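Q: Before anything else, here's the structure in question.
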Protein chains: 2
Amino acid sequence: MERTLEEVRVLIYGIGAIGSQIVRLILKKKGFKIVGAVDISPNIRGKDLGEVIGIDRKLGIIVSGDAEKTLSSVKADIAVHATSSFLKTVYPQITSIVEHGVNVISTCEELTYPYIVDSSLAASLDSLAKKHNVTVLGAGINPGFLMDALPIVLSGACQEIKSIRVERVIDAAKRRLPFQKKIGAGLSLQEFNKRIRDGRITGHVGLEQSVSMIADALKLDLEEVKVEPVRPVIAEKPVESREIKVEEGMVAGLMQTAYGLIDQEPFITLVFKAYIGAEGEYDSITIEGTPRIDQRITPCVQGDLATAAVIVNSIPKVIKAPPGLKTMKDLPIPSAVLSDVRKYL
Amino acid sequence: MERTLEEVRVLIYGIGAIGSQIVRLILKKKGFKIVGAVDISPNIRGKDLGEVIGIDRKLGIIVSGDAEKTLSSVKADIAVHATSSFLKTVYPQITSIVEHGVNVISTCEELTYPYIVDSSLAASLDSLAKKHNVTVLGAGINPGFLMDALPIVLSGACQEIKSIRVERVIDAAKRRLPFQKKIGAGLSLQEFNKRIRDGRITGHVGLEQSVSMIADALKLDLEEVKVEPVRPVIAEKPVESREIKVEEGMVAGLMQTAYGLIDQEPFITLVFKAYIGAEGEYDSITIEGTPRIDQRITPCVQGDLATAAVIVNSIPKVIKAPPGLKTMKDLPIPSAVLSDVRKYL
């Protein structure tokens with residue numbers, strides 16, 4: 001689609017912490033026009049979008065609780081969707097956007113590689129997107145970039161590969177309080193385990209997607225994608241963030257590991273750790289291959305900032321892509337949108 | 001193009017050191033069929049390709065000195081082209097391949113971003129490729145990956161960017177002798193400068209391409225792409241490789257720097273150093289931005305191995321791409337071909 005004059009018309013669908021960050025970033029860029037905003041929360045419905053995202057001015061966009069009505073009344077090029085981590089939850093929301101002929105970029109973790117969650121829902125979404133001539137992409141920094149797209153990119157420099165190991169280690173003390181709470185920092189082991197059992201602590205959603213995206217890009221015949229249960233990281237000495245003190249023996253955060261197995265051996269290993277007191281924060285990728293590649297980003301990429309970036313930077317790529325359900329491995333290489341977004345179309 | 005049964009038919013065009021490595025790698029992969037080989041060197045014309053690339057068996061492919069005749073008699077899907085670093089030299093070779101309806105992947109450094117060398121030749125090549133419904137790509141590890149595609153990928157995680165700095169530092173003692181000679185290792189400063197003047201030492205070709213590819217992907221309005229003259233790296237103490245001893249005060253290798261300037265300040269800085277005795281080998285990318293990204297690959301990616309890898313791994317992407325002249329920034333994210341190449345089509 002050629003577009004050199006008109007602004008890119010964006011509908012905001014879901015205005016929580018990440019949705020708000022994305023809106024603030026869009027407002028800093030030229031060439032965008034926010035044409036509508038939808039959120040089901042009664043706390044923000046009816047309010048001005050500027051107020052909801054915590055900036056000092058009104059934007060003249062009233063947050064609507066009625067997605068269908070908003071989709072019918074505004075003519076958007078793309079919906080920025082940030083409501084839930086789970087495919088089944090977002091599926092009806094995304095199909096309704098698609099049926100209005102609007103492209104979708106979503107922060108939904110499971111949508112970054114939905115085929116492994118529910119292949120039939122993924123196939124329906126792909127058909128529907130093609131029928132309405134729009135593109136759907138799930139993206140974000142993780143899943144969607146650091147633990148899948150980036151190792152896939154680095155594999156492109158290898159003749160042969162024996163194994164791929166990706167680690168992301170986050171010092172939770174440097175993150176916002178809701179993140180610290182989400183990983184159980186400060187809880188007793190008993191309370192942590194209880195919250196795991198009752199689903200109040202789910203851990204990071206996306207390792208299964210990342211393993212599967214890598215395997216698909218490299219056409220690995222995995223026997224199994226194995227996701228280990230979430231495990232607590234116990235403080236070996238007292239540690240603290242501004243908001244939470246963790247005594248020795250209490251839970252400082254959590255870790256998760258996922259494998260892509262071939263012949264019962266891990267060809268792909270992904271390790272995610274987030275806890276208060278992590279001494280080195282990093283993202284690392286080690287490819288045992290020809291040549292060997294040992295890559296490290298220090299400190300780890302700041303997740304919230306980078307997720308908003310990946311979403312906004314992907315907008316022109318989603319608009320230009322052929323119709324259908326896509327993943328990060330299907331699009332041209334990621335790149336930053338630094339000036340008027342219309343230059344990138 | 002759907003292809004599930006037939007092998008990918010490859011024509012080898014140029015069988016020097018890199019061309020030979022690529023052939024050896026292709027022979028290790030399933031799903032390829034080498035259907036012809038062309039080289040103008042009288043030393044290898046008429047010989048069997050297996051003998052030329054230094055393996056113990058015949059391949060039943062006789063190296064031809066007549067590209068036109070070979071192109072007319074074999075029906076190739078793609079030509080792997082590795083003859084020269086310079087666009088003007090490869091242009092007639094590549095146009096003749098394209099006119100036979102064959103896709104091209106080339107190691108030609110200037111072809112990785114040819115628009116800055118000669119925009120009219122680049123435009124002609126693009127038109128010709130579209131006319132014949134084929135794709136042309138210049139690729140390799142550098143330029144084409146480490147100092148351009150990879151920083152572009154990482155920029156995708158950034159909201160704003162103030163500057164990008166990429167360094168590649170190679171310990172030449174770990175590389176083959178022709179590489180050590182190419183960078184002037186062991187020469188006196190006087191002899192080094194003489195060889196720079198008479199063109200026998202050209203330095204690394206491609207920094208200008210890398211700066212320009214980054215600038216294009218990010219839509220930077222550079223005032224200037226500034227490539228500094230090649231400079232010698234003088235040994236501060238005696239250093240040596242297996243083949244060359246470098247005394248104190250002699251040339252250990254070379255370094256080159258290139259800039260992409262905005263407001264007379266370097267927005268992009270690329271530093272390439274290759275010398276005997278480099279204490280740390282690495283590839284690093286530092287993006288001053290939001291978030292800041294500080295990435296390092298240690299040791300640096302082995303260039304010859306990785307160039308062969310990037311070329312072979314790009315073959316399915318070139319075959320599947322829309323017709324025209326492409327660069328690495330236009331294609332889906334790089335990825336390794338680990339099993340039968342037909343799975344990747």
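The way I read the labels, and the way they are meant: chains A, B, ... in the order of the structure tokens, residue 1 as the first residue of every chain, and ligand 1 as the first ligand shown, with later ones counted on from there.
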For the contact check between chain B and chain A, emit one row per residue of chain B within 8 Å, containing the shortest atom pair and the distance in Å rounded to one decimal, counting only C-alpha atoms, chain then rising number order, as JSON lines.
A:
```
{"residue": "B:Leu25", "atom": "CA", "partner": "A:Gln159", "partner_atom": "CA", "distance": 7.3}
{"residue": "B:Ile141", "atom": "CA", "partner": "A:Ala157", "partner_atom": "CA", "distance": 7.0}
{"residue": "B:Ala149", "atom": "CA", "partner": "A:Ile333", "partner_atom": "CA", "distance": 7.6}
{"residue": "B:Leu150", "atom": "CA", "partner": "A:Val153", "partner_atom": "CA", "distance": 7.9}
{"residue": "B:Ile152", "atom": "CA", "partner": "A:Ser335", "partner_atom": "CA", "distance": 5.2}
{"residue": "B:Val153", "atom": "CA", "partner": "A:Pro334", "partner_atom": "CA", "distance": 4.7}
{"residue": "B:Leu154", "atom": "CA", "partner": "A:Ser335", "partner_atom": "CA", "distance": 7.1}
{"residue": "B:Ser155", "atom": "CA", "partner": "A:Ala336", "partner_atom": "CA", "distance": 5.1}
{"residue": "B:Gly156", "atom": "CA", "partner": "A:Ser335", "partner_atom": "CA", "distance": 3.9}
{"residue": "B:Ala157", "atom": "CA", "partner": "A:Ala306", "partner_atom": "CA", "distance": 4.9}
{"residue": "B:Cys158", "atom": "CA", "partner": "A:Ala309", "partner_atom": "CA", "distance": 5.3}
{"residue": "B:Gln159", "atom": "CA", "partner": "A:Ala309", "partner_atom": "CA", "distance": 4.7}
{"residue": "B:Glu160", "atom": "CA", "partner": "A:Leu338", "partner_atom": "CA", "distance": 6.3}
{"residue": "B:Ile161", "atom": "CA", "partner": "A:Leu338", "partner_atom": "CA", "distance": 7.3}
{"residue": "B:Ala217", "atom": "CA", "partner": "A:Ser335", "partner_atom": "CA", "distance": 6.6}
{"residue": "B:Leu218", "atom": "CA", "partner": "A:Ala336", "partner_atom": "CA", "distance": 5.9}
{"residue": "B:Lys219", "atom": "CA", "partner": "A:Lys343", "partner_atom": "CA", "distance": 7.0}
{"residue": "B:Leu220", "atom": "CA", "partner": "A:Leu338", "partner_atom": "CA", "distance": 7.9}
{"residue": "B:Thr290", "atom": "CA", "partner": "A:Leu305", "partner_atom": "CA", "distance": 7.1}
{"residue": "B:Pro291", "atom": "CA", "partner": "A:Gln302", "partner_atom": "CA", "distance": 6.2}
{"residue": "B:Arg292", "atom": "CA", "partner": "A:Val301", "partner_atom": "CA", "distance": 7.6}
{"residue": "B:Ile293", "atom": "CA", "partner": "A:Val301", "partner_atom": "CA", "distance": 6.6}
{"residue": "B:Asp294", "atom": "CA", "partner": "A:Ile297", "partner_atom": "CA", "distance": 5.4}
{"residue": "B:Gln295", "atom": "CA", "partner": "A:Ile297", "partner_atom": "CA", "distance": 4.3}
{"residue": "B:Arg296", "atom": "CA", "partner": "A:Arg296", "partner_atom": "CA", "distance": 5.5}
{"residue": "B:Ile297", "atom": "CA", "partner": "A:Gln295", "partner_atom": "CA", "distance": 4.3}
{"residue": "B:Thr298", "atom": "CA", "partner": "A:Asp294", "partner_atom": "CA", "distance": 5.8}
{"residue": "B:Pro299", "atom": "CA", "partner": "A:Asp294", "partner_atom": "CA", "distance": 7.3}
{"residue": "B:Val301", "atom": "CA", "partner": "A:Ile293", "partner_atom": "CA", "distance": 6.6}
{"residue": "B:Gln302", "atom": "CA", "partner": "A:Pro291", "partner_atom": "CA", "distance": 6.2}
{"residue": "B:Leu305", "atom": "CA", "partner": "A:Pro291", "partner_atom": "CA", "distance": 6.4}
{"residue": "B:Ala306", "atom": "CA", "partner": "A:Ala157", "partner_atom": "CA", "distance": 4.9}
{"residue": "B:Thr307", "atom": "CA", "partner": "A:Ala157", "partner_atom": "CA", "distance": 7.2}
{"residue": "B:Ala308", "atom": "CA", "partner": "A:Gln159", "partner_atom": "CA", "distance": 7.5}
{"residue": "B:Ala309", "atom": "CA", "partner": "A:Gln159", "partner_atom": "CA", "distance": 4.7}
{"residue": "B:Val310", "atom": "CA", "partner": "A:Ala157", "partner_atom": "CA", "distance": 5.2}
{"residue": "B:Asn313", "atom": "CA", "partner": "A:Gly156", "partner_atom": "CA", "distance": 6.2}
{"residue": "B:Ser314", "atom": "CA", "partner": "A:Gly156", "partner_atom": "CA", "distance": 8.0}
{"residue": "B:Lys329", "atom": "CA", "partner": "A:Ile333", "partner_atom": "CA", "distance": 6.0}
{"residue": "B:Asp330", "atom": "CA", "partner": "A:Pro332", "partner_atom": "CA", "distance": 5.7}
{"residue": "B:Leu331", "atom": "CA", "partner": "A:Pro332", "partner_atom": "CA", "distance": 5.0}
{"residue": "B:Pro332", "atom": "CA", "partner": "A:Pro332", "partner_atom": "CA", "distance": 3.9}
{"residue": "B:Ile333", "atom": "CA", "partner": "A:Ile333", "partner_atom": "CA", "distance": 4.7}
{"residue": "B:Pro334", "atom": "CA", "partner": "A:Val153", "partner_atom": "CA", "distance": 4.8}
{"residue": "B:Ser335", "atom": "CA", "partner": "A:Gly156", "partner_atom": "CA", "distance": 3.9}
{"residue": "B:Ala336", "atom": "CA", "partner": "A:Gly156", "partner_atom": "CA", "distance": 4.5}
{"residue": "B:Val337", "atom": "CA", "partner": "A:Leu218", "partner_atom": "CA", "distance": 6.3}
{"residue": "B:Leu338", "atom": "CA", "partner": "A:Glu160", "partner_atom": "CA", "distance": 6.3}
{"residue": "B:Ser339", "atom": "CA", "partner": "A:Lys219", "partner_atom": "CA", "distance": 7.3}
{"residue": "B:Lys343", "atom": "CA", "partner": "A:Lys219", "partner_atom": "CA", "distance": 6.9}
{"residue": "B:Tyr344", "atom": "CA", "partner": "A:Lys219", "partner_atom": "CA", "distance": 7.2}
```
Q: Report as a PyMOL selection string all protein, DNA and RNA residues lying within 8 Å of B:Val239, evaluated on only C-alpha atoms, omitting residues in the same chain fewer than 2 positions from it.
A: chain B and resi 235+237+241+245-248+252+276-277
Q: Would you please extract all strand (DSSP E or B) residues from stretch 20-178 of chain B, as assigned by DSSP on the backbone, and give them as a count of residues only?
A: 34
Q: Have a look at atom CA of B:Thr257 and atom CA of B:Ala82 and let me know their distance in Å, one decimal.
A: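 Answer for the atom CA of B:Thr257 to atom CA of B:Ala82 separation: 25.3 Å.
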Q: In stretch 129-222 of chain A, what's helix (DSSP H, G or I) per DSSP? Answer as a PyMOL selection string?
A: chain A and resi 129-131+149-155+172-174+177-182+189-197+207-218
Q: Given only C-alpha atoms as the basis, pick out the residue of A:Ala17, A:Ile44, A:Ile287, A:Ala129 nearest to A:Gly65.
A: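 Of all the options, A:Ile44 lies closest to A:Gly65.
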Q: Do you have the atom CA of B:Glu236-atom CA of B:Asn193 distance handy?
A: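 Those two atoms sit 18.2 Å apart.
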Q: Under the rule that only C-alpha atoms are counted, which of A:Pro229, A:Gly50, A:Gly249, A:Pro238 is the nearest residue to A:Ser188?
A: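 Selected residue with least distance to A:Ser188: A:Gly249.
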Q: Can you pull out every residue within 12 Å of A:Glu68, counting only C-alpha atoms, but drop anything in the same chain fewer than 2 positions away, and send it as a PyMOL selection string?
A: chain A and resi 13+36-40+64-66+70-74+92-100
Q: Output C-alpha atoms for every residue in the selection just made, as a CSV table (one decimal), in the first residue's frame.
A:
```csv
chain,number,residue,atom,x,y,z
A,13,TYR,CA,-7.6,-1.4,21.9
A,36,GLY,CA,-10.2,5.8,18.6
A,37,ALA,CA,-9.7,4.0,21.9
A,38,VAL,CA,-11.4,1.0,23.4
A,39,ASP,CA,-11.1,-0.5,26.9
A,40,ILE,CA,-13.6,-2.6,28.8
A,64,SER,CA,-15.2,3.6,24.5
A,65,GLY,CA,-16.4,0.3,26.1
A,66,ASP,CA,-18.0,-0.7,22.8
A,70,THR,CA,-15.9,2.2,17.6
A,71,LEU,CA,-14.6,0.0,14.9
A,72,SER,CA,-17.7,0.8,12.8
A,73,SER,CA,-17.5,4.5,13.3
A,74,VAL,CA,-13.7,5.2,12.8
A,92,PRO,CA,-12.9,-12.7,19.6
A,93,GLN,CA,-11.5,-9.2,20.0
A,94,ILE,CA,-9.0,-9.7,17.2
A,95,THR,CA,-11.5,-11.3,14.8
A,96,SER,CA,-13.9,-8.3,15.3
A,97,ILE,CA,-11.1,-5.9,14.4
A,98,VAL,CA,-10.2,-8.0,11.4
A,99,GLU,CA,-13.8,-8.2,10.2
A,100,HIS,CA,-13.8,-4.4,10.1
```
Q: Quick one: distance from atom CA of B:Met213 to atom CA of B:Thr112 in Å, one decimal?
A: 8.3 Å
Q: Give me the residues near stretch 259-270 of chain B as an NGL selection string, where near means some atom within 7 Å (using only C-alpha atoms) and where sequence neighbours in that chain fewer than 4 positions away do not count.
A: :B and (162-167 or 211 or 222-227)
Q: As number ranges by chain, please: the residues near A:Ile78 (cut-off 6 Å, only C-alpha atoms, same-chain neighbours under 4 positions excluded).
A: A: 10, 102-104
Q: Residues near A:Val35, anyone? I mean within 9 Å using only C-alpha atoms, not counting same-chain ones fewer than 2 positions away, as an mmCIF file with N, CA and C atoms, in the first residue's frame.
A:
```cif
data_model
loop_
_atom_site.group_PDB
_atom_site.id
_atom_site.type_symbol
_atom_site.label_atom_id
_atom_site.label_comp_id
_atom_site.auth_asym_id
_atom_site.auth_seq_id
_atom_site.Cartn_x
_atom_site.Cartn_y
_atom_site.Cartn_z
ATOM 1 N N ARG A 9 -3.748 5.931 10.598
ATOM 2 C CA ARG A 9 -4.858 6.039 11.559
ATOM 3 C C ARG A 9 -4.850 4.832 12.502
ATOM 4 N N VAL A 10 -4.679 5.116 13.784
ATOM 5 C CA VAL A 10 -4.488 4.050 14.770
ATOM 6 C C VAL A 10 -5.663 3.994 15.739
ATOM 7 N N LEU A 11 -6.157 2.787 15.949
ATOM 8 C CA LEU A 11 -7.136 2.542 16.999
ATOM 9 C C LEU A 11 -6.429 1.861 18.168
ATOM 10 N N ILE A 12 -6.606 2.385 19.366
ATOM 11 C CA ILE A 12 -5.994 1.786 20.557
ATOM 12 C C ILE A 12 -7.016 0.847 21.197
ATOM 13 N N LYS A 33 -2.168 9.270 13.561
ATOM 14 C CA LYS A 33 -3.364 9.932 14.081
ATOM 15 C C LYS A 33 -4.154 8.886 14.867
ATOM 16 N N ALA A 37 -10.251 4.795 20.814
ATOM 17 C CA ALA A 37 -9.660 4.038 21.916
ATOM 18 C C ALA A 37 -10.754 3.208 22.569
ATOM 19 N N ILE A 61 -10.065 12.141 22.456
ATOM 20 C CA ILE A 61 -10.514 10.774 22.158
ATOM 21 C C ILE A 61 -11.115 10.208 23.445
ATOM 22 N N VAL A 74 -15.004 4.576 13.203
ATOM 23 C CA VAL A 74 -13.731 5.183 12.777
ATOM 24 C C VAL A 74 -13.147 4.324 11.666
ATOM 25 N N LYS A 75 -12.350 4.925 10.826
ATOM 26 C CA LYS A 75 -11.732 4.165 9.743
ATOM 27 C C LYS A 75 -10.242 4.075 10.069
ATOM 28 N N ALA A 76 -9.865 2.997 10.756
ATOM 29 C CA ALA A 76 -8.477 2.861 11.200
ATOM 30 C C ALA A 76 -7.673 2.031 10.205
#
```
